[in-house]
file run-v6.cif (mmCIF, C-alpha atoms and all ligand atoms)
data_structure
#
loop_
_atom_site.label_atom_id
_atom_site.label_comp_id
_atom_site.auth_asym_id
_atom_site.auth_seq_id
_atom_site.Cartn_x
_atom_site.Cartn_y
_atom_site.Cartn_z
CA MET A 23 -4.21 -22.38 -28.33
CA GLN A 24 -1.84 -19.58 -27.32
CA THR A 25 -0.53 -19.99 -23.76
CA ARG A 26 2.04 -17.21 -23.59
CA VAL A 27 2.18 -13.47 -24.13
CA LEU A 28 3.55 -12.58 -27.58
CA LEU A 29 5.01 -9.32 -28.84
CA ASP A 30 1.90 -9.18 -31.08
CA HIS A 31 -0.25 -8.83 -27.98
CA GLY A 32 1.14 -5.34 -27.51
CA SER A 33 0.96 -4.34 -31.17
CA GLY A 34 -2.41 -2.62 -31.06
CA GLY A 35 -3.66 -5.00 -33.77
CA MET A 36 -5.78 -8.18 -33.74
CA ALA A 37 -3.82 -9.97 -31.02
CA SER A 38 -4.07 -6.92 -28.72
CA GLN A 39 -7.83 -6.77 -29.31
CA ARG A 40 -8.17 -10.42 -28.35
CA LEU A 41 -6.08 -9.95 -25.20
CA ILE A 42 -8.17 -6.94 -24.19
CA ASN A 43 -11.51 -8.59 -24.91
CA ASP A 44 -10.71 -12.08 -23.61
CA LEU A 45 -8.82 -11.10 -20.48
CA PHE A 46 -8.91 -7.48 -19.39
CA LEU A 47 -12.53 -6.62 -20.18
CA ARG A 48 -13.75 -9.93 -18.82
CA HIS A 49 -12.20 -9.17 -15.43
CA PHE A 50 -12.53 -5.41 -15.18
CA SER A 51 -15.78 -4.77 -17.02
CA ASN A 52 -17.78 -1.65 -16.11
CA PRO A 53 -19.75 0.85 -18.24
CA ILE A 54 -16.99 3.47 -18.33
CA LEU A 55 -14.26 1.03 -19.39
CA GLU A 56 -16.51 -0.66 -21.95
CA THR A 57 -16.92 2.46 -24.07
CA LEU A 58 -13.37 1.67 -25.32
CA ASP A 59 -12.73 5.26 -26.33
CA ASP A 60 -9.33 6.86 -26.10
CA ALA A 61 -9.98 8.13 -22.59
CA ALA A 62 -12.44 7.56 -19.79
CA SER A 63 -15.05 10.24 -19.34
CA LEU A 64 -15.59 10.93 -15.64
CA GLU A 65 -17.75 13.14 -13.51
CA LEU A 66 -15.69 14.82 -10.82
CA GLN A 67 -16.44 18.02 -8.98
CA GLY A 68 -14.50 20.08 -6.50
CA HIS A 69 -11.33 18.99 -4.79
CA VAL A 70 -9.82 15.72 -6.05
CA ALA A 71 -7.01 13.50 -4.75
CA MET A 72 -4.81 11.75 -7.32
CA SER A 73 -1.92 9.35 -6.78
CA THR A 74 0.17 7.06 -8.96
CA ASP A 75 2.47 4.15 -8.21
CA THR A 76 4.33 1.52 -10.21
CA PHE A 77 4.51 -2.03 -8.90
CA THR A 78 7.53 -4.20 -9.63
CA VAL A 79 7.33 -6.67 -6.75
CA ASP A 80 9.33 -9.90 -7.00
CA PRO A 81 7.93 -12.57 -6.64
CA LEU A 82 4.67 -11.76 -8.44
CA ILE A 83 2.70 -13.97 -6.07
CA PHE A 84 3.52 -14.13 -2.35
CA PRO A 85 1.78 -15.24 0.86
CA GLY A 86 -1.07 -12.79 1.48
CA GLY A 87 -1.22 -11.26 -2.00
CA ASP A 88 0.22 -10.69 -5.46
CA ILE A 89 1.28 -7.82 -7.71
CA GLY A 90 -2.34 -7.33 -8.92
CA SER A 91 -4.02 -6.86 -5.54
CA LEU A 92 -1.01 -4.87 -4.31
CA ALA A 93 -1.31 -2.48 -7.28
CA VAL A 94 -4.92 -1.79 -6.27
CA HIS A 95 -4.35 -1.52 -2.52
CA GLY A 96 -1.25 0.67 -2.79
CA THR A 97 -2.91 3.34 -4.90
CA VAL A 98 -6.30 3.20 -3.17
CA ASN A 99 -4.52 3.71 0.16
CA ASP A 100 -2.47 6.67 -1.05
CA VAL A 101 -5.62 8.45 -2.28
CA ALA A 102 -7.31 7.74 1.08
CA MET A 103 -4.35 9.14 3.09
CA VAL A 104 -5.15 12.71 2.05
CA GLY A 105 -8.85 12.35 2.74
CA GLY A 106 -9.76 11.23 -0.79
CA GLU A 107 -12.51 8.68 -1.43
CA PRO A 108 -10.93 6.50 -4.13
CA LYS A 109 -13.34 5.97 -7.06
CA TYR A 110 -11.45 5.51 -10.30
CA LEU A 111 -8.26 3.67 -11.20
CA SER A 112 -6.20 3.51 -14.35
CA CYS A 113 -3.87 0.58 -14.90
CA GLY A 114 -0.91 0.22 -17.22
CA PHE A 115 0.69 -3.18 -17.75
CA VAL A 116 4.16 -3.81 -19.12
CA LEU A 117 4.49 -7.52 -19.89
CA GLU A 118 7.53 -9.57 -20.87
CA GLU A 119 7.21 -11.61 -24.04
CA GLY A 120 6.75 -15.26 -23.07
CA LEU A 121 4.85 -14.58 -19.82
CA GLU A 122 2.33 -17.36 -19.21
CA LEU A 123 -1.20 -16.20 -19.97
CA SER A 124 -2.50 -18.33 -17.09
CA LEU A 125 -0.30 -16.36 -14.69
CA LEU A 126 -1.53 -13.07 -16.15
CA GLU A 127 -5.10 -14.28 -15.82
CA ARG A 128 -4.62 -15.25 -12.19
CA ILE A 129 -3.23 -11.81 -11.40
CA LEU A 130 -6.05 -10.04 -13.26
CA GLY A 131 -8.59 -12.12 -11.31
CA SER A 132 -7.01 -11.10 -8.03
CA MET A 133 -6.88 -7.48 -9.14
CA ALA A 134 -10.57 -7.56 -10.08
CA GLN A 135 -11.43 -8.92 -6.65
CA ALA A 136 -9.37 -6.21 -4.93
CA VAL A 137 -11.11 -3.54 -7.07
CA ASP A 138 -14.56 -4.88 -6.07
CA ARG A 139 -13.71 -5.03 -2.40
CA ALA A 140 -12.28 -1.53 -2.39
CA GLY A 141 -15.35 -0.19 -4.22
CA VAL A 142 -13.40 1.36 -7.09
CA SER A 143 -13.53 0.93 -10.90
CA ILE A 144 -10.75 0.52 -13.43
CA VAL A 145 -11.83 3.03 -16.06
CA THR A 146 -8.88 3.12 -18.42
CA GLY A 147 -5.84 0.98 -19.10
CA ASP A 148 -2.95 0.14 -21.37
CA THR A 149 -0.84 -2.90 -22.17
CA LYS A 150 2.63 -3.03 -23.66
CA VAL A 151 4.70 -6.12 -24.39
CA VAL A 152 8.51 -5.89 -24.39
CA PRO A 153 10.93 -8.49 -25.82
CA LYS A 154 11.99 -11.34 -23.56
CA GLY A 155 14.69 -10.16 -21.15
CA ALA A 156 13.73 -6.46 -21.36
CA LEU A 157 11.94 -6.76 -17.99
CA ASP A 158 11.23 -9.45 -15.44
CA LYS A 159 7.72 -10.83 -16.21
CA MET A 160 5.39 -7.94 -15.37
CA PHE A 161 5.20 -4.39 -14.01
CA ILE A 162 1.90 -2.63 -13.28
CA ASN A 163 1.24 1.08 -12.88
CA THR A 164 -1.97 2.29 -11.29
CA THR A 165 -3.26 5.82 -10.85
CA GLY A 166 -6.16 6.56 -8.51
CA LEU A 167 -8.62 9.45 -8.37
CA GLY A 168 -11.25 10.38 -5.85
CA PRO A 169 -13.03 13.39 -4.37
CA ILE A 170 -11.74 14.90 -1.13
CA THR A 171 -14.77 15.34 1.09
CA VAL A 172 -13.17 16.56 4.32
CA ASP A 173 -12.76 20.25 5.12
CA LYS A 174 -9.17 19.99 6.32
CA PRO A 175 -7.38 17.17 4.52
CA PRO A 176 -4.81 15.30 6.64
CA SER A 177 -1.19 16.22 5.89
CA GLY A 178 2.21 15.42 7.36
CA ALA A 179 2.71 19.14 7.98
CA ARG A 180 -0.22 19.21 10.43
CA ALA A 181 1.39 17.08 13.19
CA ALA A 182 1.11 19.27 16.31
CA ASP A 183 2.43 19.49 19.87
CA GLY A 184 0.73 17.01 22.17
CA ASP A 185 -0.65 14.85 19.35
CA ALA A 186 -0.83 11.08 19.82
CA VAL A 187 0.83 8.76 17.28
CA LEU A 188 -1.20 5.63 16.45
CA ILE A 189 -0.48 2.69 14.16
CA SER A 190 -3.33 0.53 12.83
CA GLY A 191 -1.56 -2.80 13.43
CA THR A 192 1.62 -4.89 13.31
CA VAL A 193 4.64 -3.67 11.35
CA GLY A 194 7.09 -5.44 9.05
CA ASP A 195 4.75 -8.16 7.73
CA HIS A 196 4.96 -7.25 4.03
CA GLY A 197 8.70 -6.58 3.92
CA LEU A 198 9.64 -9.79 5.69
CA THR A 199 7.21 -11.84 3.57
CA ILE A 200 8.74 -10.59 0.30
CA MET A 201 12.28 -10.99 1.59
CA SER A 202 11.74 -14.53 2.83
CA SER A 203 9.75 -15.74 -0.19
CA ARG A 204 12.41 -14.37 -2.52
CA GLU A 205 15.21 -16.03 -0.60
CA GLY A 206 13.23 -19.25 -0.12
CA ILE A 207 13.49 -18.99 3.66
CA GLN A 208 10.77 -20.74 5.70
CA PHE A 209 9.99 -19.86 9.31
CA ASP A 210 8.21 -22.03 11.89
CA THR A 211 5.10 -19.85 11.63
CA GLU A 212 4.12 -18.54 8.22
CA VAL A 213 4.59 -14.82 7.61
CA ARG A 214 2.04 -13.12 5.34
CA SER A 215 1.86 -9.76 3.66
CA ASP A 216 -0.62 -7.33 5.22
CA SER A 217 -1.60 -5.99 1.75
CA ALA A 218 -5.13 -4.54 2.14
CA ALA A 219 -7.30 -1.61 1.12
CA LEU A 220 -7.76 0.86 3.98
CA ASN A 221 -10.24 3.27 2.39
CA ASP A 222 -13.22 1.94 4.36
CA MET A 223 -11.50 2.25 7.72
CA ILE A 224 -10.06 5.66 6.88
CA GLY A 225 -13.37 6.97 5.57
CA ARG A 226 -15.02 6.10 8.87
CA LEU A 227 -12.13 7.54 10.88
CA LEU A 228 -12.36 10.89 9.08
CA ARG A 229 -16.16 11.05 9.22
CA GLU A 230 -16.22 10.45 12.96
CA LEU A 231 -13.01 12.29 13.80
CA PRO A 232 -12.40 15.31 11.57
CA GLU A 233 -9.74 16.24 14.16
CA VAL A 234 -7.24 13.82 12.54
CA HIS A 235 -4.10 15.75 11.61
CA VAL A 236 -1.98 13.20 9.72
CA LEU A 237 -2.60 9.91 7.93
CA ARG A 238 0.22 8.12 6.14
CA ASP A 239 0.85 4.53 5.12
CA PRO A 240 4.31 3.36 6.23
CA THR A 241 5.26 1.57 3.00
CA ARG A 242 8.86 1.56 1.69
CA GLY A 243 11.31 2.47 4.44
CA GLY A 244 8.78 1.34 7.06
CA LEU A 245 7.49 3.04 10.18
CA ALA A 246 10.83 4.66 11.04
CA THR A 247 11.25 6.38 7.66
CA THR A 248 7.62 7.53 7.51
CA LEU A 249 7.86 9.07 10.99
CA ASN A 250 11.01 10.91 9.90
CA GLU A 251 9.17 12.33 6.86
CA ILE A 252 6.40 13.59 9.14
CA ALA A 253 8.87 15.05 11.66
CA VAL A 254 10.62 16.98 8.85
CA GLN A 255 7.38 18.11 7.17
CA SER A 256 5.86 19.40 10.41
CA GLY A 257 9.07 20.68 12.03
CA LYS A 258 8.20 18.67 15.16
CA GLN A 259 9.86 15.92 17.19
CA VAL A 260 8.23 12.48 17.33
CA GLN A 261 8.85 10.09 20.22
CA ILE A 262 7.78 6.45 20.14
CA SER A 263 8.22 3.55 22.51
CA GLU A 264 9.57 0.29 21.08
CA ALA A 265 7.51 -1.85 23.45
CA SER A 266 4.24 -0.36 22.22
CA VAL A 267 4.86 -0.97 18.49
CA PRO A 268 2.99 -4.18 17.59
CA VAL A 269 5.12 -6.80 15.81
CA LYS A 270 3.92 -10.34 15.14
CA PRO A 271 6.09 -12.92 16.98
CA SER A 272 6.85 -14.67 13.66
CA VAL A 273 7.99 -11.36 12.12
CA SER A 274 10.09 -10.49 15.13
CA GLU A 275 11.78 -13.94 15.04
CA GLY A 276 12.32 -13.76 11.29
CA CYS A 277 13.82 -10.29 11.62
CA SER A 278 16.30 -11.29 14.29
CA PHE A 279 17.28 -14.34 12.22
CA LEU A 280 17.94 -12.16 9.14
CA GLY A 281 19.36 -9.17 11.02
CA LEU A 282 16.50 -6.86 9.97
CA ASP A 283 14.66 -4.21 11.97
CA PRO A 284 10.85 -4.44 11.59
CA LEU A 285 10.64 -0.66 12.05
CA TYR A 286 12.33 -0.26 8.64
CA LEU A 287 10.37 -2.94 6.74
CA ALA A 288 7.58 -2.07 4.30
CA ASN A 289 3.91 -2.36 5.20
CA GLU A 290 1.08 -2.45 2.64
CA GLY A 291 -2.01 -2.43 4.83
CA LYS A 292 -1.22 -0.13 7.73
CA VAL A 293 -1.80 3.53 8.49
CA LEU A 294 -0.12 5.92 10.88
CA CYS A 295 -2.68 8.25 12.40
CA ILE A 296 -1.67 11.40 14.29
CA LEU A 297 -4.31 13.43 16.12
CA PRO A 298 -4.91 15.34 19.38
CA GLN A 299 -4.52 13.01 22.38
CA ALA A 300 -8.07 13.67 23.56
CA HIS A 301 -9.38 11.75 20.51
CA ALA A 302 -6.81 8.95 20.49
CA GLU A 303 -8.91 6.34 22.30
CA GLN A 304 -11.85 6.90 19.98
CA ALA A 305 -9.59 6.60 16.93
CA LEU A 306 -8.21 3.30 18.27
CA GLN A 307 -11.74 1.98 18.74
CA ILE A 308 -12.73 2.91 15.19
CA MET A 309 -9.62 1.22 13.78
CA ARG A 310 -10.02 -1.91 15.90
CA HIS A 311 -13.58 -2.26 14.64
CA ASP A 312 -12.19 -2.86 11.12
CA PRO A 313 -10.52 -6.16 10.11
CA ALA A 314 -7.48 -4.16 8.92
CA GLY A 315 -7.09 -2.41 12.28
CA ARG A 316 -7.59 -5.12 14.92
CA GLU A 317 -4.21 -4.52 16.52
CA ALA A 318 -4.24 -0.73 16.40
CA SER A 319 -1.93 0.71 19.06
CA TRP A 320 -0.91 4.02 20.59
CA ILE A 321 2.84 4.12 20.03
CA GLY A 322 4.00 7.65 20.79
CA SER A 323 3.55 11.40 20.71
CA VAL A 324 4.52 14.61 18.97
CA ASP A 325 6.29 17.48 20.76
CA SER A 326 8.24 20.62 20.01
CA GLY A 327 11.64 19.16 21.02
CA ARG A 328 14.19 19.07 18.20
CA ALA A 329 12.52 19.69 14.82
CA GLY A 330 12.70 16.77 12.39
CA ARG A 331 13.88 14.25 14.98
CA VAL A 332 12.42 10.82 15.80
CA VAL A 333 13.39 9.34 19.18
CA LEU A 334 12.80 5.71 20.14
CA THR A 335 12.59 4.62 23.78
CA THR A 336 13.92 1.06 23.73
CA ARG A 337 12.55 -1.89 25.67
CA ILE A 338 15.25 -1.51 28.32
CA GLY A 339 14.49 2.18 28.76
CA GLY A 340 17.34 3.71 26.74
CA GLN A 341 16.80 6.26 24.01
CA ARG A 342 18.08 6.25 20.45
CA LEU A 343 17.53 8.30 17.34
CA LEU A 344 15.56 6.60 14.59
CA THR A 345 16.97 7.92 11.33
CA MET A 346 15.61 7.54 7.81
CA LEU A 347 16.34 4.34 5.94
CA GLU A 348 19.62 4.65 4.09
CA GLY A 349 20.19 2.77 0.86
CA GLU A 350 17.78 0.10 -0.37
CA PRO A 351 18.13 -3.20 1.47
CA LEU A 352 15.13 -4.72 -0.33
CA PRO A 353 14.69 -3.70 -3.97
CA ARG A 354 11.38 -4.56 -5.69
CA ILE A 355 9.47 -4.81 -2.44
CA CYS A 356 6.30 -3.28 -3.95
MG MG B 401 1.85 6.46 0.91
#
call {"tool": "encode", "arguments": {"input": "run-v6.cif", "output": "structure tokens", "more": "lines below"}}
Ligand code: MG
result
Amino acid sequence: MQTRVLLDHGSGGMASQRLINDLFLRHFSNPILETLDDAASLELQGHVAMSTDTFTVDPLIFPGGDIGSLAVHGTVNDVAMVGGEPKYLSCGFVLEEGLELSLLERILGSMAQAVDRAGVSIVTGDTKVVPKGALDKMFINTTGLGPITVDKPPSGARAADGDAVLISGTVGDHGLTIMSSREGIQFDTEVRSDSAALNDMIGRLLRELPEVHVLRDPTRGGLATTLNEIAVQSGKQVQISEASVPVKPSVSEGCSFLGLDPLYLANEGKVLCILPQAHAEQALQIMRHDPAGREASWIGSVDSGRAGRVVLTTRIGGQRLLTMLEGEPLPRIC
């Protein structure tokens, strides 16, 4: 019995058929995918959100998730950030010859579970196999589609004077988890990735609070970089207070040990929400009602100070500029 991925598995011939039938269809089966035509045939009307992302995370499996669930969450979340209701996903796999089929199967199982939980369907896919050494084990691309059902979709450009800046929970969990599992560093308390689908929470937020101006997931580059993007896009100044940004004690300890700043570490299950202050408390309540938003916090505000600037008030009361992340301290983080 074959236990590893062979070049033949990507040939389009018999071996590919077996791989598709035995593994992919078994995990991802749904009526649209099962037609096995050249493309999925979908019903979509009106305004549609679409997003794509390629996942190269190393290691493939880490505390709190794996490349399969991450590839679902990442794309589902990006579609949700512009007010889209994610419905359909495509997935493209690039596999290294010699990859263990049991590892592939484990990742597909996790991906299938993430798809079910997020309420989306994988409707089309592709698999390629490259010779050993041409890539490290496995990369996955996902594209997500879904109708935009809100009148005024959230956008970074809509941050306005007097808006409150909220974050749905602790920052830095994913980045520190990947960094420490790659380096084989153990901390006293386990750190876990926050990888999660946010479409449920965001759907509720937008239904109850159409006043939301901006939603964005602070992934690569972390909270600091994402706030800078929003400040530039809107031409506003953003001020946040360090003491109000939630950071797990284990993440904060790990970061000081490794000389990292949690404000610059990637998150994979958090959303920044910017909206008029009058609605901030209600937004916090909606987020805290969801398992992904238990530690939602009000961390700052938007004003018309210097356009494009992000200012941090430190714990001891000083102020410093938070700039965008420069360089890439953590390649293959997602
Ligand atoms: Mg995003």
call {"tool": "residues_around", "arguments": {"input": "run-v6.cif", "residues": "A:Ser124", "least_positions_apart": "4", "cutoff": "10 Å", "atoms": "only C-alpha atoms", "output": "short mmCIF file (atom, residue, chain, number, x, y, z; two decimals) with C-alpha atoms, in the frame of the given file"}}
result
data_model
loop_
_atom_site.label_atom_id
_atom_site.label_comp_id
_atom_site.auth_asym_id
_atom_site.auth_seq_id
_atom_site.Cartn_x
_atom_site.Cartn_y
_atom_site.Cartn_z
CA THR A 25 -0.53 -19.99 -23.76
CA ARG A 26 2.04 -17.21 -23.59
CA VAL A 27 2.18 -13.47 -24.13
CA ARG A 128 -4.62 -15.25 -12.19
CA ILE A 129 -3.23 -11.81 -11.40
CA LEU A 130 -6.05 -10.04 -13.26
#
call {"tool": "closest_residue", "arguments": {"input": "run-v6.cif", "among": "A:Val267, A:Val213, A:Ala186, A:Ala288", "to": "ligand MG 401 (chain B)", "atoms": "only C-alpha atoms and all ligand atoms"}}
result
A:Ala288
call {"tool": "closest_residue", "arguments": {"input": "run-v6.cif", "among": "A:Lys150, A:Arg214, A:Arg242, A:Arg204", "to": "ligand MG 401 (chain B)", "atoms": "only C-alpha atoms and all ligand atoms"}}
result
A:Arg242
call {"tool": "axis_aligned_box", "arguments": {"input": "run-v6.cif", "around": "stretch 140-153 of chain A", "padding_each_side": "6 Å", "output": "JSON"}}
result
{"center_x": -2.2, "center_y": -2.7, "center_z": -14.1, "size_x": 38.3, "size_y": 23.6, "size_z": 35.4}
call {"tool": "residues_near_ligand", "arguments": {"input": "run-v6.cif", "ligand": "ligand MG 401 (chain B)", "cutoff": "8 Å", "atoms": "only C-alpha atoms and all ligand atoms", "output": "list in words"}}
result
Gly96, Asn99, Asp100, Met103, Arg238, Asp239, Pro240 and Thr241 of chain A
call {"tool": "closest_residue", "arguments": {"input": "run-v6.cif", "among": "A:Leu306, A:Cys295, A:Cys356, A:Ile252", "to": "A:Ser217", "atoms": "only C-alpha atoms"}}
result
A:Cys356
call {"tool": "residues_around", "arguments": {"input": "run-v6.cif", "residues": "A:Thr336", "least_positions_apart": "6", "cutoff": "9 Å", "atoms": "all atoms listed in the file", "output": "ChimeraX atom specification"}}
result
/A:262-265,342
call {"tool": "residues_around", "arguments": {"input": "run-v6.cif", "residues": "A:Val94", "least_positions_apart": "6", "cutoff": "10 Å", "atoms": "all atoms listed in the file", "output": "NGL selection string"}}
result
:A and (75 or 77 or 111-113 or 132-137 or 140 or 142 or 144 or 162-166 or 217-219)
call {"tool": "write_last_selection", "arguments": {"input": "run-v6.cif", "atoms": "C-alpha atoms", "output": "mmCIF file, keeping the file's coordinate frame"}}
result
data_model
loop_
_atom_site.group_PDB
_atom_site.id
_atom_site.type_symbol
_atom_site.label_atom_id
_atom_site.label_comp_id
_atom_site.auth_asym_id
_atom_site.auth_seq_id
_atom_site.Cartn_x
_atom_site.Cartn_y
_atom_site.Cartn_z
ATOM 1 C CA ASP A 75 2.470 4.150 -8.210
ATOM 2 C CA PHE A 77 4.510 -2.030 -8.900
ATOM 3 C CA LEU A 111 -8.260 3.670 -11.200
ATOM 4 C CA SER A 112 -6.200 3.510 -14.350
ATOM 5 C CA CYS A 113 -3.870 0.580 -14.900
ATOM 6 C CA SER A 132 -7.010 -11.100 -8.030
ATOM 7 C CA MET A 133 -6.880 -7.480 -9.140
ATOM 8 C CA ALA A 134 -10.570 -7.560 -10.080
ATOM 9 C CA GLN A 135 -11.430 -8.920 -6.650
ATOM 10 C CA ALA A 136 -9.370 -6.210 -4.930
ATOM 11 C CA VAL A 137 -11.110 -3.540 -7.070
ATOM 12 C CA ALA A 140 -12.280 -1.530 -2.390
ATOM 13 C CA VAL A 142 -13.400 1.360 -7.090
ATOM 14 C CA ILE A 144 -10.750 0.520 -13.430
ATOM 15 C CA ILE A 162 1.900 -2.630 -13.280
ATOM 16 C CA ASN A 163 1.240 1.080 -12.880
ATOM 17 C CA THR A 164 -1.970 2.290 -11.290
ATOM 18 C CA THR A 165 -3.260 5.820 -10.850
ATOM 19 C CA GLY A 166 -6.160 6.560 -8.510
ATOM 20 C CA SER A 217 -1.600 -5.990 1.750
ATOM 21 C CA ALA A 218 -5.130 -4.540 2.140
ATOM 22 C CA ALA A 219 -7.300 -1.610 1.120
#
call {"tool": "atom_distance", "arguments": {"input": "run-v6.cif", "atom1": "atom CA of A:His235", "atom2": "atom CA of A:Gln307"}}
result
17.3 Å
call {"tool": "residues_around", "arguments": {"input": "run-v6.cif", "residues": "A:Ser38", "least_positions_apart": "2", "cutoff": "12 Å", "atoms": "all atoms listed in the file", "output": "ChimeraX atom specification"}}
result
/A:27-36,40-46,148-151
call {"tool": "atom_distance", "arguments": {"input": "run-v6.cif", "atom1": "atom CA of A:Ala305", "atom2": "atom CA of A:Gln259"}}
result
21.6 Å
call {"tool": "residues_near_point", "arguments": {"input": "run-v6.cif", "point": "(4.9, -9.6, -7.8)", "cutoff": "8 Å", "atoms": "all atoms listed in the file", "output": "PyMOL selection string"}}
result
chain A and resi 77-84+88-90+160+356
call {"tool": "residues_around", "arguments": {"input": "run-v6.cif", "residues": "A:Pro313", "least_positions_apart": "3", "cutoff": "12 Å", "atoms": "all atoms listed in the file", "output": "PyMOL selection string"}}
result
chain A and resi 190-191+216+218-220+222-223+291-292+307-310+316-318
call {"tool": "closest_residue", "arguments": {"input": "run-v6.cif", "among": "A:Gly106, A:Gly322, A:Gly147, A:Gly276", "to": "A:Val187", "atoms": "only C-alpha atoms"}}
result
A:Gly322
call {"tool": "closest_atom_pairs", "arguments": {"input": "run-v6.cif", "of": "stretch 130-223 of chain A", "to": "stretch 62-69 of chain A", "cutoff": "6 Å", "atoms": "all atoms listed in the file", "output": "CSV"}}
result
residue,atom,partner,partner_atom,distance
A:Val145,CA,A:Ala62,CA,5.9
A:Thr146,CA,A:Ala62,CA,5.9
A:Pro169,CA,A:His69,CA,5.9
A:Ile170,CA,A:His69,CA,5.5
